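Working notes, beginning with the structure itself.
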Amino acid sequence: MIQPTKDKEAPRYRLGVALSGGGARGFAHGGVLKAMSECGLKPDVIAGVSAGSVAAVLWAAGIEPEDIHKVFANCKFKTMTSLAIREGGGGLFSLTPFRKFIEKTVAPYKRLEDLPVPVKIGVTDIASGLPVCLDHGEIGPAVMASCSIPIVFKPVKIGDRHYVDGGVSRNLPAWLLRDCCDEVVGVNVSPHSDSDDDFHPTMTDVAMRTYHLLSKSNVHIDEPLCDKMVTVSMLSHYRVFDLSNIHSVYLSGYSAARQVFDEVRQSQK
């Protein structure tokens, strides 16, 4: 099992940012990172789960916050996935096309430890049910695993273990940063909503609803580990795979983060 590197002299960071999962809502992370930059804040380490892992590796690879959502402007669900139900393996779709897209986007970086800014990715070991940190190894499979919503996508085998979406166990990866950072900022782009207007009793919708209930209910475990929380509450009505409103999602993240950091700035005067 791939675990965080255990070193008696593991680095200590001043500021870490934990980015939650949330599907297409994850494009709000770009807006949050943009707002942080404008406020003079730059993470020394970044952790991500699912969509948050995508934003984390793209930002760490040098893609500007305002360009993260633009990278996916012409992408659609069918171009990022392939049908896998006939192949078996525990999922309706495979994220192999998505993995290749991520690998191409972050090139020339191939491994997490090669990125200019340290990145920690949260995944879930499907056998043990435990959250696992990936902080070294190939970028593509790590991100692919962290985004693999159970039933919808096939689990990803890394080493001798199979991993699924990190949001199943811990959707806000502050636990990856608390012991190594002086200050942790958490970003939740998957707020709870009681609405079920978009729910239909299909296999995919049942799987997605179950995943949402799991991931949203475990966020409260990590919120107390954060010194500051940015919750992008206006995203609750956006569907997970809807890529048609990614610019609006980006702006929502920016607005929510600026409000938080402006309040912090005012309180310090």
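Here's how to read the names in the structure tokens: chain A, B, ... by the order shown, residue numbers from 1 in each chain, ligand numbers from 1 in the order shown.
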
Residues of segment 100-194 of chain A at most 12 Å from segment 247-256 of chain A: nearest atom pair and distance in Å, only C-alpha atoms, as a Markdown table:
| residue | atom | partner | partner_atom | distance |
| --- | --- | --- | --- | --- |
| A:Val187 | CA | A:Gly253 | CA | 9.1 |
| A:Asn188 | CA | A:Gly253 | CA | 9.6 |
| A:Val189 | CA | A:Gly253 | CA | 7.8 |
| A:Ser190 | CA | A:Gly253 | CA | 11.3 |

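Neighbouring residues of Phe93 of chain A at 10 Å or closer, counting only C-alpha atoms and skipping chain neighbours under 2 positions away, are A:Lys78, A:Met80, A:Thr81, A:Ser82, A:Leu83, A:Ala84, A:Ile85, A:Arg86, A:Glu87, A:Gly88, A:Gly89, A:Gly90, A:Gly91, A:Leu95, A:Thr96, A:Ser148, A:Ile149, A:Ile151, A:Val152, A:Phe153, A:Lys154, A:Pro155.
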
Resulting file, chosen residues, all heavy atoms, as a short mmCIF file (atom, residue, chain, number, x, y, z; two decimals), in the first residue's frame:
data_model
loop_
_atom_site.label_atom_id
_atom_site.label_comp_id
_atom_site.auth_asym_id
_atom_site.auth_seq_id
_atom_site.Cartn_x
_atom_site.Cartn_y
_atom_site.Cartn_z
N LYS A 78 -18.24 12.04 -22.17
CA LYS A 78 -17.94 10.93 -23.08
C LYS A 78 -16.52 10.95 -23.61
O LYS A 78 -16.00 9.91 -24.03
CB LYS A 78 -18.93 10.91 -24.24
CG LYS A 78 -18.88 12.12 -25.15
CD LYS A 78 -19.94 12.00 -26.24
CE LYS A 78 -19.91 13.21 -27.18
NZ LYS A 78 -20.95 13.08 -28.24
N MET A 80 -13.97 11.92 -21.70
CA MET A 80 -13.10 11.66 -20.55
C MET A 80 -13.24 10.23 -20.02
O MET A 80 -12.53 9.83 -19.10
CB MET A 80 -13.41 12.64 -19.41
CG MET A 80 -13.06 14.10 -19.71
SD MET A 80 -11.28 14.41 -19.69
CE MET A 80 -10.98 14.53 -21.47
N THR A 81 -14.19 9.46 -20.59
CA THR A 81 -14.46 8.11 -20.09
C THR A 81 -14.58 7.13 -21.25
O THR A 81 -14.71 7.51 -22.41
CB THR A 81 -15.76 8.07 -19.27
OG1 THR A 81 -16.86 8.39 -20.15
CG2 THR A 81 -15.72 9.06 -18.13
N SER A 82 -14.55 5.86 -20.90
CA SER A 82 -14.84 4.81 -21.88
C SER A 82 -15.72 3.78 -21.19
O SER A 82 -15.62 3.57 -19.97
CB SER A 82 -13.55 4.16 -22.40
OG SER A 82 -12.81 3.59 -21.34
N LEU A 83 -16.58 3.13 -21.96
CA LEU A 83 -17.50 2.16 -21.39
C LEU A 83 -16.73 0.93 -20.94
O LEU A 83 -15.91 0.38 -21.68
CB LEU A 83 -18.56 1.78 -22.43
CG LEU A 83 -19.78 1.00 -21.93
CD1 LEU A 83 -20.55 1.83 -20.92
CD2 LEU A 83 -20.68 0.62 -23.11
N ALA A 84 -16.99 0.50 -19.71
CA ALA A 84 -16.22 -0.60 -19.14
C ALA A 84 -17.08 -1.73 -18.61
O ALA A 84 -16.56 -2.73 -18.12
CB ALA A 84 -15.33 -0.09 -18.01
N ILE A 85 -18.39 -1.62 -18.73
CA ILE A 85 -19.28 -2.60 -18.11
C ILE A 85 -19.06 -4.00 -18.68
O ILE A 85 -19.19 -5.00 -17.98
CB ILE A 85 -20.76 -2.16 -18.27
CG1 ILE A 85 -21.66 -3.05 -17.42
CG2 ILE A 85 -21.18 -2.16 -19.74
CD1 ILE A 85 -23.08 -2.55 -17.32
N ARG A 86 -18.69 -4.08 -19.96
CA ARG A 86 -18.45 -5.39 -20.56
C ARG A 86 -17.10 -5.98 -20.15
O ARG A 86 -16.87 -7.17 -20.29
CB ARG A 86 -18.52 -5.27 -22.09
CG ARG A 86 -19.92 -4.92 -22.62
CD ARG A 86 -19.92 -4.82 -24.13
NE ARG A 86 -21.24 -4.47 -24.64
CZ ARG A 86 -21.52 -4.26 -25.93
NH1 ARG A 86 -20.55 -4.37 -26.82
NH2 ARG A 86 -22.75 -3.96 -26.31
N GLU A 87 -16.21 -5.10 -19.66
CA GLU A 87 -14.90 -5.55 -19.25
C GLU A 87 -14.91 -6.14 -17.85
O GLU A 87 -13.97 -6.83 -17.45
CB GLU A 87 -13.91 -4.38 -19.28
CG GLU A 87 -13.81 -3.69 -20.63
CD GLU A 87 -12.97 -2.43 -20.55
OE1 GLU A 87 -12.38 -2.17 -19.47
OE2 GLU A 87 -12.92 -1.69 -21.55
N GLY A 88 -15.95 -5.85 -17.08
CA GLY A 88 -15.95 -6.23 -15.68
C GLY A 88 -15.06 -5.30 -14.90
O GLY A 88 -14.65 -4.24 -15.37
N GLY A 89 -14.72 -5.68 -13.71
CA GLY A 89 -13.79 -4.86 -12.93
C GLY A 89 -14.45 -3.89 -11.99
O GLY A 89 -13.79 -3.03 -11.41
N GLY A 90 -15.79 -3.97 -11.81
CA GLY A 90 -16.43 -3.21 -10.75
C GLY A 90 -16.88 -1.81 -11.07
O GLY A 90 -17.09 -1.02 -10.15
N GLY A 91 -17.07 -1.47 -12.35
CA GLY A 91 -17.54 -0.13 -12.67
C GLY A 91 -18.16 -0.07 -14.05
O GLY A 91 -17.85 -0.87 -14.94
N LEU A 95 -11.92 5.50 -16.39
CA LEU A 95 -11.39 6.87 -16.49
C LEU A 95 -10.03 6.91 -17.18
O LEU A 95 -9.30 7.90 -17.05
CB LEU A 95 -11.28 7.48 -15.09
CG LEU A 95 -12.57 8.00 -14.48
CD1 LEU A 95 -12.35 8.42 -13.03
CD2 LEU A 95 -13.12 9.19 -15.28
N THR A 96 -9.71 5.90 -17.96
CA THR A 96 -8.41 5.88 -18.64
C THR A 96 -8.22 7.08 -19.57
O THR A 96 -7.14 7.69 -19.57
CB THR A 96 -8.24 4.56 -19.43
OG1 THR A 96 -8.26 3.46 -18.51
CG2 THR A 96 -6.91 4.55 -20.18
N SER A 148 -12.41 8.15 -8.85
CA SER A 148 -13.19 6.97 -9.25
C SER A 148 -14.36 6.71 -8.31
O SER A 148 -14.25 5.92 -7.35
CB SER A 148 -12.27 5.74 -9.32
OG SER A 148 -11.36 5.88 -10.41
N ILE A 149 -15.46 7.36 -8.58
CA ILE A 149 -16.68 7.18 -7.80
C ILE A 149 -17.13 5.72 -7.92
O ILE A 149 -17.28 5.21 -9.04
CB ILE A 149 -17.79 8.11 -8.30
CG1 ILE A 149 -17.37 9.57 -8.11
CG2 ILE A 149 -19.11 7.84 -7.58
CD1 ILE A 149 -18.30 10.56 -8.78
N ILE A 151 -18.91 2.21 -8.36
CA ILE A 151 -19.95 1.71 -9.26
C ILE A 151 -19.92 2.46 -10.59
O ILE A 151 -19.95 1.85 -11.65
CB ILE A 151 -21.38 1.81 -8.65
CG1 ILE A 151 -21.41 1.11 -7.28
CG2 ILE A 151 -22.39 1.18 -9.60
CD1 ILE A 151 -21.05 -0.33 -7.30
N VAL A 152 -19.85 3.79 -10.55
CA VAL A 152 -19.81 4.56 -11.78
C VAL A 152 -18.50 4.29 -12.51
O VAL A 152 -18.48 4.05 -13.73
CB VAL A 152 -19.96 6.07 -11.50
CG1 VAL A 152 -19.88 6.86 -12.82
CG2 VAL A 152 -21.28 6.35 -10.81
N PHE A 153 -17.37 4.32 -11.78
CA PHE A 153 -16.06 4.10 -12.38
C PHE A 153 -15.35 2.89 -11.76
O PHE A 153 -15.55 2.58 -10.58
CB PHE A 153 -15.18 5.34 -12.21
CG PHE A 153 -15.76 6.59 -12.83
CD1 PHE A 153 -16.11 7.67 -12.03
CD2 PHE A 153 -15.96 6.66 -14.19
CE1 PHE A 153 -16.65 8.81 -12.59
CE2 PHE A 153 -16.50 7.81 -14.76
CZ PHE A 153 -16.85 8.89 -13.97
N LYS A 154 -14.53 2.25 -12.54
CA LYS A 154 -13.77 1.10 -12.06
C LYS A 154 -12.76 1.54 -11.00
O LYS A 154 -12.16 2.61 -11.13
CB LYS A 154 -13.00 0.45 -13.23
CG LYS A 154 -13.85 -0.19 -14.28
CD LYS A 154 -13.01 -0.65 -15.46
CE LYS A 154 -11.92 -1.63 -15.05
NZ LYS A 154 -11.18 -2.15 -16.24
N PRO A 155 -12.55 0.74 -9.98
CA PRO A 155 -11.46 1.01 -9.04
C PRO A 155 -10.13 0.99 -9.79
O PRO A 155 -10.00 0.37 -10.84
CB PRO A 155 -11.56 -0.15 -8.05
CG PRO A 155 -12.96 -0.65 -8.17
CD PRO A 155 -13.34 -0.46 -9.60
#

Next item on the list: Please identify all polymer residues within 9 Å of segment 34-50 of chain A, counting only C-alpha atoms, omitting same-chain residues fewer than 3 positions from it, and present them as a PyMOL selection string.
Entry: chain A and resi 13-23+26+29-31+53-57+60+64-66+117-123+143-149+165-167+170-174+176-177+181+253-258+261-262+265

Check: Among segment 9-254 of chain A, which residues carry a DSSP assignment of strand (DSSP E), reported as a ChimeraX atom specification?
Finding: /A:13-19,45-49,82-83,91-94,119-125,131-134,151-153,156-158,161-165,181-188,228-231

Note to self: Quick check for you: according to DSSP on this backbone, which residues of segment 36-222 of chain A are classed as alpha helix (DSSP H)? Reply as JSON, numbers by chain.
What the structure shows: {"A": [36, 37, 38, 51, 52, 53, 54, 55, 56, 57, 58, 59, 60, 65, 66, 67, 68, 77, 78, 79, 80, 96, 97, 98, 99, 100, 101, 102, 103, 104, 105, 106, 139, 140, 141, 142, 143, 144, 145, 146, 203, 204, 205, 206, 207, 208, 209, 210, 211, 212, 213, 214, 215, 216, 217, 218, 219, 220, 221, 222]}

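Every protein, DNA or RNA residue with an atom at most 6 Å from Ile139 of chain A, where only C-alpha atoms count and chain neighbours fewer than 3 positions away do not, is listed here: A:Lys110, A:Arg111, A:Leu112, A:Ala142.
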
Please write the residues from the selection above to a file, keeping N, CA and C atoms, as a short mmCIF file (atom, residue, chain, number, x, y, z; two decimals), in the first residue's frame.
data_model
loop_
_atom_site.label_atom_id
_atom_site.label_comp_id
_atom_site.auth_asym_id
_atom_site.auth_seq_id
_atom_site.Cartn_x
_atom_site.Cartn_y
_atom_site.Cartn_z
N LYS A 110 5.74 13.85 -14.31
CA LYS A 110 5.14 12.52 -14.39
C LYS A 110 4.80 11.94 -13.02
N ARG A 111 5.55 12.37 -12.00
CA ARG A 111 5.36 11.81 -10.66
C ARG A 111 5.03 12.93 -9.67
N LEU A 112 4.29 12.58 -8.64
CA LEU A 112 3.90 13.58 -7.65
C LEU A 112 5.11 14.26 -7.03
N ALA A 142 -2.84 8.22 -9.69
CA ALA A 142 -3.25 8.75 -8.38
C ALA A 142 -4.49 9.62 -8.51
#

Notebook entry, point to check: Could you pull the residues within 10 Å of Ala127 of chain A, counting only C-alpha atoms, minus those fewer than 6 positions along the same chain, as a PyMOL selection string?
Noted result: chain A and resi 161-164

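Picture a line from atom CA of Glu138 of chain A to atom CA of Ile68 of chain A; it runs 20.3 Å.
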
Note to self: So that I can check the surroundings of Asp179 of chain A, please list as a PyMOL selection string every protein, DNA and RNA residue that reaches within 10 Å of it, counting only C-alpha atoms and ignoring chain neighbours fewer than 4 positions away.
What the structure shows: chain A and resi 12-13+174-175+183-184+225
